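Student: Provided herewith: input.cif, mmCIF, C-alpha atoms.
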```cif
data_model
#
loop_
_atom_site.group_PDB
_atom_site.id
_atom_site.type_symbol
_atom_site.label_atom_id
_atom_site.label_comp_id
_atom_site.auth_asym_id
_atom_site.auth_seq_id
_atom_site.Cartn_x
_atom_site.Cartn_y
_atom_site.Cartn_z
ATOM 1 C CA MET A 23 86.700 92.691 -79.360
ATOM 2 C CA LYS A 24 84.402 95.719 -79.260
ATOM 3 C CA LYS A 25 86.331 98.988 -79.270
ATOM 4 C CA ILE A 26 85.651 101.238 -76.270
ATOM 5 C CA LYS A 27 84.371 104.657 -77.266
ATOM 6 C CA THR A 28 86.658 107.596 -76.556
ATOM 7 C CA ARG A 29 84.050 109.144 -74.258
ATOM 8 C CA ASP A 30 83.899 106.002 -72.136
ATOM 9 C CA ARG A 31 87.697 105.775 -72.113
ATOM 10 C CA ILE A 32 87.861 109.335 -70.787
ATOM 11 C CA LEU A 33 85.441 108.455 -67.986
ATOM 12 C CA ASN A 34 87.284 105.241 -67.101
ATOM 13 C CA THR A 35 90.691 106.938 -67.117
ATOM 14 C CA SER A 36 89.421 109.917 -65.124
ATOM 15 C CA LEU A 37 87.836 107.654 -62.522
ATOM 16 C CA ALA A 38 91.065 105.688 -62.081
ATOM 17 C CA LEU A 39 93.118 108.891 -61.739
ATOM 18 C CA PHE A 40 90.626 110.559 -59.390
ATOM 19 C CA ASN A 41 90.619 107.459 -57.167
ATOM 20 C CA SER A 42 94.393 107.044 -57.071
ATOM 21 C CA LEU A 43 95.560 110.680 -56.978
ATOM 22 C CA GLY A 44 92.535 112.533 -55.617
ATOM 23 C CA GLU A 45 90.231 114.563 -57.860
ATOM 24 C CA PRO A 46 91.779 117.994 -57.005
ATOM 25 C CA ASN A 47 95.194 116.719 -58.159
ATOM 26 C CA VAL A 48 94.018 115.615 -61.605
ATOM 27 C CA THR A 49 93.834 117.999 -64.561
ATOM 28 C CA THR A 50 92.312 117.504 -67.993
ATOM 29 C CA LEU A 51 95.863 117.662 -69.395
ATOM 30 C CA LEU A 52 96.903 114.770 -67.155
ATOM 31 C CA ILE A 53 93.865 112.783 -68.293
ATOM 32 C CA SER A 54 94.607 113.381 -71.984
ATOM 33 C CA ASP A 55 98.309 112.530 -71.444
ATOM 34 C CA GLU A 56 97.359 109.302 -69.671
ATOM 35 C CA MET A 57 95.139 108.375 -72.612
ATOM 36 C CA ASP A 58 97.635 109.570 -75.221
ATOM 37 C CA ILE A 59 95.039 111.783 -76.895
ATOM 38 C CA SER A 60 95.075 115.515 -77.596
ATOM 39 C CA PRO A 61 93.422 117.906 -75.115
ATOM 40 C CA GLY A 62 91.194 119.007 -77.987
ATOM 41 C CA ASN A 63 89.899 115.464 -78.386
ATOM 42 C CA LEU A 64 89.040 115.374 -74.682
ATOM 43 C CA TYR A 65 87.327 118.784 -74.842
ATOM 44 C CA TYR A 66 85.240 117.570 -77.773
ATOM 45 C CA HIS A 67 83.571 115.127 -75.364
ATOM 46 C CA PHE A 68 83.797 117.094 -72.093
ATOM 47 C CA LYS A 69 84.239 120.852 -71.967
ATOM 48 C CA SER A 70 85.791 120.794 -68.468
ATOM 49 C CA LYS A 71 86.870 118.526 -65.641
ATOM 50 C CA GLY A 72 83.646 119.508 -63.893
ATOM 51 C CA ASP A 73 81.657 117.908 -66.716
ATOM 52 C CA ILE A 74 83.601 114.671 -66.171
ATOM 53 C CA VAL A 75 82.899 114.777 -62.434
ATOM 54 C CA ASP A 76 79.206 115.381 -63.173
ATOM 55 C CA GLU A 77 78.993 112.368 -65.468
ATOM 56 C CA LEU A 78 80.818 110.091 -63.031
ATOM 57 C CA PHE A 79 78.550 111.241 -60.203
ATOM 58 C CA LYS A 80 75.519 110.523 -62.413
ATOM 59 C CA LEU A 81 76.750 106.969 -63.037
ATOM 60 C CA TYR A 82 77.341 106.476 -59.308
ATOM 61 C CA GLU A 83 73.951 107.987 -58.489
ATOM 62 C CA GLU A 84 72.113 105.650 -60.867
ATOM 63 C CA GLU A 85 73.878 102.616 -59.422
ATOM 64 C CA MET A 86 73.102 103.632 -55.856
ATOM 65 C CA VAL A 87 69.427 104.460 -56.493
ATOM 66 C CA ASP A 88 68.885 100.968 -57.916
ATOM 67 C CA LEU A 89 70.717 99.325 -55.022
ATOM 68 C CA LEU A 90 68.954 101.316 -52.296
ATOM 69 C CA ALA A 91 65.446 100.504 -53.541
ATOM 70 C CA VAL A 92 64.874 97.875 -50.803
ATOM 71 C CA PRO A 93 61.239 96.573 -50.826
ATOM 72 C CA GLY A 94 59.479 97.669 -47.656
ATOM 73 C CA ASP A 95 57.538 94.427 -47.228
ATOM 74 C CA ALA A 96 60.425 92.000 -47.848
ATOM 75 C CA ASP A 97 61.573 89.481 -45.234
ATOM 76 C CA ILE A 98 65.301 90.147 -45.328
ATOM 77 C CA SER A 99 67.812 87.593 -44.039
ATOM 78 C CA LEU A 100 71.233 88.267 -42.528
ATOM 79 C CA ASP A 101 72.768 86.757 -45.680
ATOM 80 C CA GLN A 102 70.848 89.227 -47.838
ATOM 81 C CA LYS A 103 71.886 92.123 -45.599
ATOM 82 C CA GLY A 104 75.522 91.034 -45.939
ATOM 83 C CA PHE A 105 75.204 90.869 -49.736
ATOM 84 C CA PHE A 106 73.508 94.290 -49.792
ATOM 85 C CA LEU A 107 76.275 95.842 -47.694
ATOM 86 C CA HIS A 108 78.959 94.261 -49.864
ATOM 87 C CA LEU A 109 77.396 95.723 -53.020
ATOM 88 C CA LEU A 110 77.076 99.091 -51.283
ATOM 89 C CA PHE A 111 80.747 99.219 -50.305
ATOM 90 C CA GLU A 112 81.840 97.937 -53.710
ATOM 91 C CA ALA A 113 80.022 100.891 -55.310
ATOM 92 C CA VAL A 114 81.615 103.315 -52.829
ATOM 93 C CA ALA A 115 85.042 101.791 -53.563
ATOM 94 C CA ARG A 116 84.550 102.181 -57.335
ATOM 95 C CA TYR A 117 83.742 105.880 -56.916
ATOM 96 C CA ARG A 118 85.781 106.463 -53.787
ATOM 97 C CA PHE A 119 87.160 109.820 -54.958
ATOM 98 C CA ILE A 120 83.736 111.274 -54.057
ATOM 99 C CA TYR A 121 84.035 110.089 -50.463
ATOM 100 C CA GLN A 122 87.751 110.522 -49.827
ATOM 101 C CA ASP A 123 87.355 114.307 -49.815
ATOM 102 C CA LEU A 124 83.591 114.595 -49.544
ATOM 103 C CA VAL A 125 83.265 118.092 -48.070
ATOM 104 C CA ASN A 126 85.761 119.527 -50.565
ATOM 105 C CA ILE A 127 84.074 117.853 -53.541
ATOM 106 C CA LEU A 128 80.609 119.066 -52.540
ATOM 107 C CA SER A 129 81.919 122.562 -51.785
ATOM 108 C CA ARG A 130 83.532 122.969 -55.204
ATOM 109 C CA TYR A 131 80.696 121.268 -57.096
ATOM 110 C CA ASP A 132 77.869 122.696 -55.019
ATOM 111 C CA HIS A 133 75.182 121.647 -57.526
ATOM 112 C CA LEU A 134 75.864 118.062 -56.403
ATOM 113 C CA GLN A 135 74.991 118.812 -52.764
ATOM 114 C CA SER A 136 71.234 118.276 -53.048
ATOM 115 C CA ARG A 137 71.738 115.091 -55.073
ATOM 116 C CA PHE A 138 74.158 113.672 -52.519
ATOM 117 C CA LYS A 139 71.773 114.637 -49.716
ATOM 118 C CA ARG A 140 68.990 112.670 -51.447
ATOM 119 C CA LEU A 141 71.284 109.651 -51.729
ATOM 120 C CA LYS A 142 72.161 109.963 -48.050
ATOM 121 C CA GLY A 143 68.463 109.958 -47.202
ATOM 122 C CA LYS A 144 67.903 106.866 -49.355
ATOM 123 C CA LYS A 145 70.721 105.085 -47.518
ATOM 124 C CA THR A 146 69.138 105.834 -44.148
ATOM 125 C CA GLU A 147 65.750 104.658 -45.389
ATOM 126 C CA ALA A 148 67.231 101.418 -46.779
ATOM 127 C CA PHE A 149 68.831 100.673 -43.396
ATOM 128 C CA ARG A 150 65.535 101.499 -41.679
ATOM 129 C CA VAL A 151 63.649 99.084 -43.942
ATOM 130 C CA ILE A 152 66.171 96.309 -43.238
ATOM 131 C CA CYS A 153 66.014 96.844 -39.457
ATOM 132 C CA ARG A 154 62.202 96.898 -39.482
ATOM 133 C CA SER A 155 62.234 93.648 -41.428
ATOM 134 C CA PHE A 156 64.455 92.125 -38.733
ATOM 135 C CA GLN A 157 62.014 93.412 -36.105
ATOM 136 C CA ARG A 158 59.002 91.853 -37.835
ATOM 137 C CA GLN A 159 60.755 88.519 -38.064
ATOM 138 C CA GLY A 160 61.709 88.559 -34.380
ATOM 139 C CA MET A 161 65.420 88.782 -35.197
ATOM 140 C CA MET A 162 66.026 92.191 -33.626
ATOM 141 C CA VAL A 163 64.898 93.820 -30.377
ATOM 142 C CA ILE A 164 65.189 97.592 -30.613
ATOM 143 C CA ASP A 165 63.015 100.557 -29.703
ATOM 144 C CA GLU A 166 62.214 103.403 -32.085
ATOM 145 C CA GLU A 167 64.784 105.840 -30.722
ATOM 146 C CA GLN A 168 67.551 103.234 -30.869
ATOM 147 C CA LEU A 169 66.524 102.206 -34.380
ATOM 148 C CA GLU A 170 66.776 105.758 -35.683
ATOM 149 C CA ALA A 171 70.165 106.239 -33.996
ATOM 150 C CA VAL A 172 71.506 102.964 -35.443
ATOM 151 C CA CYS A 173 70.292 103.855 -38.947
ATOM 152 C CA GLU A 174 72.024 107.242 -38.692
ATOM 153 C CA GLN A 175 75.212 105.516 -37.529
ATOM 154 C CA LEU A 176 75.035 103.044 -40.418
ATOM 155 C CA THR A 177 74.599 105.947 -42.840
ATOM 156 C CA LEU A 178 77.564 107.760 -41.312
ATOM 157 C CA THR A 179 79.722 104.646 -41.680
ATOM 158 C CA ALA A 180 78.592 104.177 -45.292
ATOM 159 C CA CYS A 181 79.546 107.780 -46.092
ATOM 160 C CA TYR A 182 82.880 108.014 -44.274
ATOM 161 C CA TRP A 183 84.249 104.475 -44.172
ATOM 162 C CA SER A 184 86.194 104.970 -47.415
ATOM 163 C CA SER A 185 88.062 107.970 -45.939
ATOM 164 C CA PHE A 186 88.785 106.135 -42.701
ATOM 165 C CA ASP A 187 89.960 103.012 -44.523
ATOM 166 C CA THR A 188 92.221 105.079 -46.771
ATOM 167 C CA LEU A 189 93.756 106.847 -43.747
ATOM 168 C CA SER A 190 94.376 103.424 -42.199
ATOM 169 C CA HIS A 191 96.242 102.242 -45.317
ATOM 170 C CA LEU A 192 98.018 105.361 -46.585
ATOM 171 C CA SER A 193 100.861 103.327 -48.077
ATOM 172 C CA ASP A 194 98.457 101.756 -50.569
ATOM 173 C CA ARG A 195 95.607 103.922 -51.908
ATOM 174 C CA GLU A 196 94.312 100.915 -53.840
ATOM 175 C CA SER A 197 93.755 98.886 -50.661
ATOM 176 C CA VAL A 198 90.158 99.964 -49.975
ATOM 177 C CA ASP A 199 88.449 96.704 -49.042
ATOM 178 C CA PRO A 200 84.619 96.547 -49.053
ATOM 179 C CA GLY A 201 84.778 93.588 -46.662
ATOM 180 C CA ARG A 202 86.209 95.683 -43.832
ATOM 181 C CA GLY A 203 83.275 98.066 -44.123
ATOM 182 C CA VAL A 204 80.751 95.206 -44.101
ATOM 183 C CA TYR A 205 82.376 93.823 -40.940
ATOM 184 C CA GLN A 206 81.972 97.175 -39.160
ATOM 185 C CA MET A 207 78.354 97.541 -40.269
ATOM 186 C CA PHE A 208 77.432 94.098 -38.962
ATOM 187 C CA HIS A 209 78.909 94.912 -35.572
ATOM 188 C CA GLN A 210 76.780 98.031 -35.299
ATOM 189 C CA ILE A 211 73.580 95.961 -35.332
ATOM 190 C CA ILE A 212 74.812 92.855 -33.474
ATOM 191 C CA PRO A 213 73.975 94.236 -29.971
ATOM 192 C CA TYR A 214 70.298 94.501 -30.981
ATOM 193 C CA LEU A 215 69.947 91.037 -32.524
ATOM 194 C CA THR A 216 68.499 88.090 -30.636
ATOM 195 C CA PRO A 217 71.135 85.690 -29.211
ATOM 196 C CA SER A 218 70.906 83.103 -32.005
ATOM 197 C CA GLU A 219 71.018 85.750 -34.744
ATOM 198 C CA ARG A 220 73.818 87.544 -32.928
ATOM 199 C CA GLU A 221 76.161 84.578 -33.154
ATOM 200 C CA GLN A 222 75.298 84.003 -36.812
ATOM 201 C CA ALA A 223 75.992 87.653 -37.591
ATOM 202 C CA ARG A 224 79.369 87.478 -35.843
ATOM 203 C CA LEU A 225 80.379 84.436 -37.870
ATOM 204 C CA MET A 226 79.162 86.017 -41.107
ATOM 205 C CA SER A 227 80.968 89.291 -40.445
ATOM 206 C CA ARG A 228 84.295 87.464 -40.126
ATOM 207 C CA ASP A 229 83.826 85.957 -43.596
ATOM 208 C CA TYR A 230 84.110 89.457 -45.076
ATOM 209 C CA LEU A 231 87.556 90.131 -43.579
#
```
Can I see the file as structure tokens?
Tutor:
Amino acid sequence: MKKIKTRDRILNTSLALFNSLGEPNVTTLLISDEMDISPGNLYYHFKSKGDIVDELFKLYEEEMVDLLAVPGDADISLDQKGFFLHLLFEAVARYRFIYQDLVNILSRYDHLQSRFKRLKGKKTEAFRVICRSFQRQGMMVIDEEQLEAVCEQLTLTACYWSSFDTLSHLSDRESVDPGRGVYQMFHQIIPYLTPSEREQARLMSRDYL
């Protein structure tokens, strides 16, 4: 079995602690204790907790940029939308410490604000591309103003669902379920789908619960 590098172990341990305890409640000493390494060994790889947060955000950012690159000319099916949303919420769940205290994180690490804003814009654009694909295929009836409002609502849900889901399951911080987010996202577009697509979307959304 290939041995995991200490640097990667630090990132994996930090991510698990940030997600379970909240990033503000985790110190570099706690991380090194959890790993059973000296603080000096940790500081050899990362000079501060901020450097760890930066690297984890970079990994999340790279994953999201790849996922959100939805081809503008693609004919997207409801199945593909469901798969896309599931991957999106899985990524958010893996890095949920970012979203569980989003304003606080971005206030204390203000250099991440512009990068998060770009990601937010890419989310909105990905939802716009998917809705326009549905329009082209005759699956969705929606005017331009409604489309923009729905895409903003989908973006809002993508950004804040993790916090809402955590508040709904405070007894178990590990209970964040991507499927519940997918279900909510489907129901935001269902009113604008044609009758046959509407019923299919309802049935599909239930499969994620």
Student: Between atom CA of Ala113 of chain A and atom CA of Pro200 of chain A, what distance in Å does the model show, to one decimal?
Tutor: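 Going from atom CA of Ala113 of chain A over to atom CA of Pro200 of chain A covers 8.9 Å.
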Student: Applying 8 Å and all atoms listed in the file, which residues near segment 35-46 of chain A remain after dropping the ones on its own chain fewer than 2 positions away? List them as an MDAnalysis selection string.
Tutor: chainID A and resid 31:33 48:49 53 56:57 74 78 117:119 122:123 195:196
Student: Quick one: distance from atom CA of Gln206 of chain A to atom CA of Ala91 of chain A in Å, one decimal?
Tutor: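 One can read the atom CA of Gln206 of chain A to atom CA of Ala91 of chain A distance as 22.2 Å.
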Student: Around all listed atoms of segment 208-219 of chain A, padded 8 Å per side, what centre and edge lengths does the axis-aligned box have in Å to one decimal, as lines of an AutoDock Vina configuration file?
Tutor:
```
center_x = 73.7
center_y = 90.6
center_z = -34.1
size_x = 26.4
size_y = 30.9
size_z = 25.8
```
Student: Mind telling me what the PyMOL selection byres ((chain A and resi 151) around 10) catches here, as a PyMOL selection string?
Tutor: chain A and resi 91-98+145-150+152-157+173
Student: Pick out the closest residue to Phe68 of chain A from this set: A:Arg228, A:Arg29, A:Lys103, A:His133. Count all atoms listed in the file.
Tutor: A:Arg29
Student: Determine, counting all atoms listed in the file, which protein, DNA and RNA residues have an atom within 12 Å of an atom of segment 135-144 of chain A; residues of the same chain fewer than 3 positions away are not included. Present the result as a PyMOL selection string.
Tutor: chain A and resi 76+79-80+82-92+120-121+124-132+147-151+173-182
Student: Would you compute the distance between atom CA of Leu107 of chain A and atom CA of Met207 of chain A? Give it in Å to one decimal.
Tutor: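 Atom-to-atom, atom CA of Leu107 of chain A and atom CA of Met207 of chain A are spaced 7.9 Å apart.
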Student: Quick check on the file I pasted: which residues fall under the PyMOL selection byres ((chain A and resi 65) around 12)? Write them as an MDAnalysis selection string.
Tutor: chainID A and resid 28:29 32 50:51 53:54 59:64 66:74
Student: Write the residues of the selection above to a file with C-alpha atoms, as an mmCIF file, in the coordinates of the input.
Tutor:
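Output contents, as saved in part_11.cif:
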```cif
data_model
loop_
_atom_site.group_PDB
_atom_site.id
_atom_site.type_symbol
_atom_site.label_atom_id
_atom_site.label_comp_id
_atom_site.auth_asym_id
_atom_site.auth_seq_id
_atom_site.Cartn_x
_atom_site.Cartn_y
_atom_site.Cartn_z
ATOM 1 C CA THR A 28 86.658 107.596 -76.556
ATOM 2 C CA ARG A 29 84.050 109.144 -74.258
ATOM 3 C CA ILE A 32 87.861 109.335 -70.787
ATOM 4 C CA THR A 50 92.312 117.504 -67.993
ATOM 5 C CA LEU A 51 95.863 117.662 -69.395
ATOM 6 C CA ILE A 53 93.865 112.783 -68.293
ATOM 7 C CA SER A 54 94.607 113.381 -71.984
ATOM 8 C CA ILE A 59 95.039 111.783 -76.895
ATOM 9 C CA SER A 60 95.075 115.515 -77.596
ATOM 10 C CA PRO A 61 93.422 117.906 -75.115
ATOM 11 C CA GLY A 62 91.194 119.007 -77.987
ATOM 12 C CA ASN A 63 89.899 115.464 -78.386
ATOM 13 C CA LEU A 64 89.040 115.374 -74.682
ATOM 14 C CA TYR A 66 85.240 117.570 -77.773
ATOM 15 C CA HIS A 67 83.571 115.127 -75.364
ATOM 16 C CA PHE A 68 83.797 117.094 -72.093
ATOM 17 C CA LYS A 69 84.239 120.852 -71.967
ATOM 18 C CA SER A 70 85.791 120.794 -68.468
ATOM 19 C CA LYS A 71 86.870 118.526 -65.641
ATOM 20 C CA GLY A 72 83.646 119.508 -63.893
ATOM 21 C CA ASP A 73 81.657 117.908 -66.716
ATOM 22 C CA ILE A 74 83.601 114.671 -66.171
#
```
Student: Could you name the residues that touch Val204 of chain A at 7 Å or less, counting only C-alpha atoms, but leaving out those on the same chain fewer than 6 positions away, as an MDAnalysis selection string?
Tutor: chainID A and resid 104 107:108 227 230
Student: Written as a ChimeraX atom specification, what is the full residue list that the PyMOL selection byres ((chain A and resi 224-226) around 9) yields on the file shown?
Tutor: /A:100-101,104,205,208-209,212,219-223,227-230
Student: Of the candidates A:Lys27, A:Phe186, A:Glu112, A:Ser99, which shows the shortest atom-to-atom distance to Gln159 of chain A, using only C-alpha atoms?
Tutor: A:Ser99
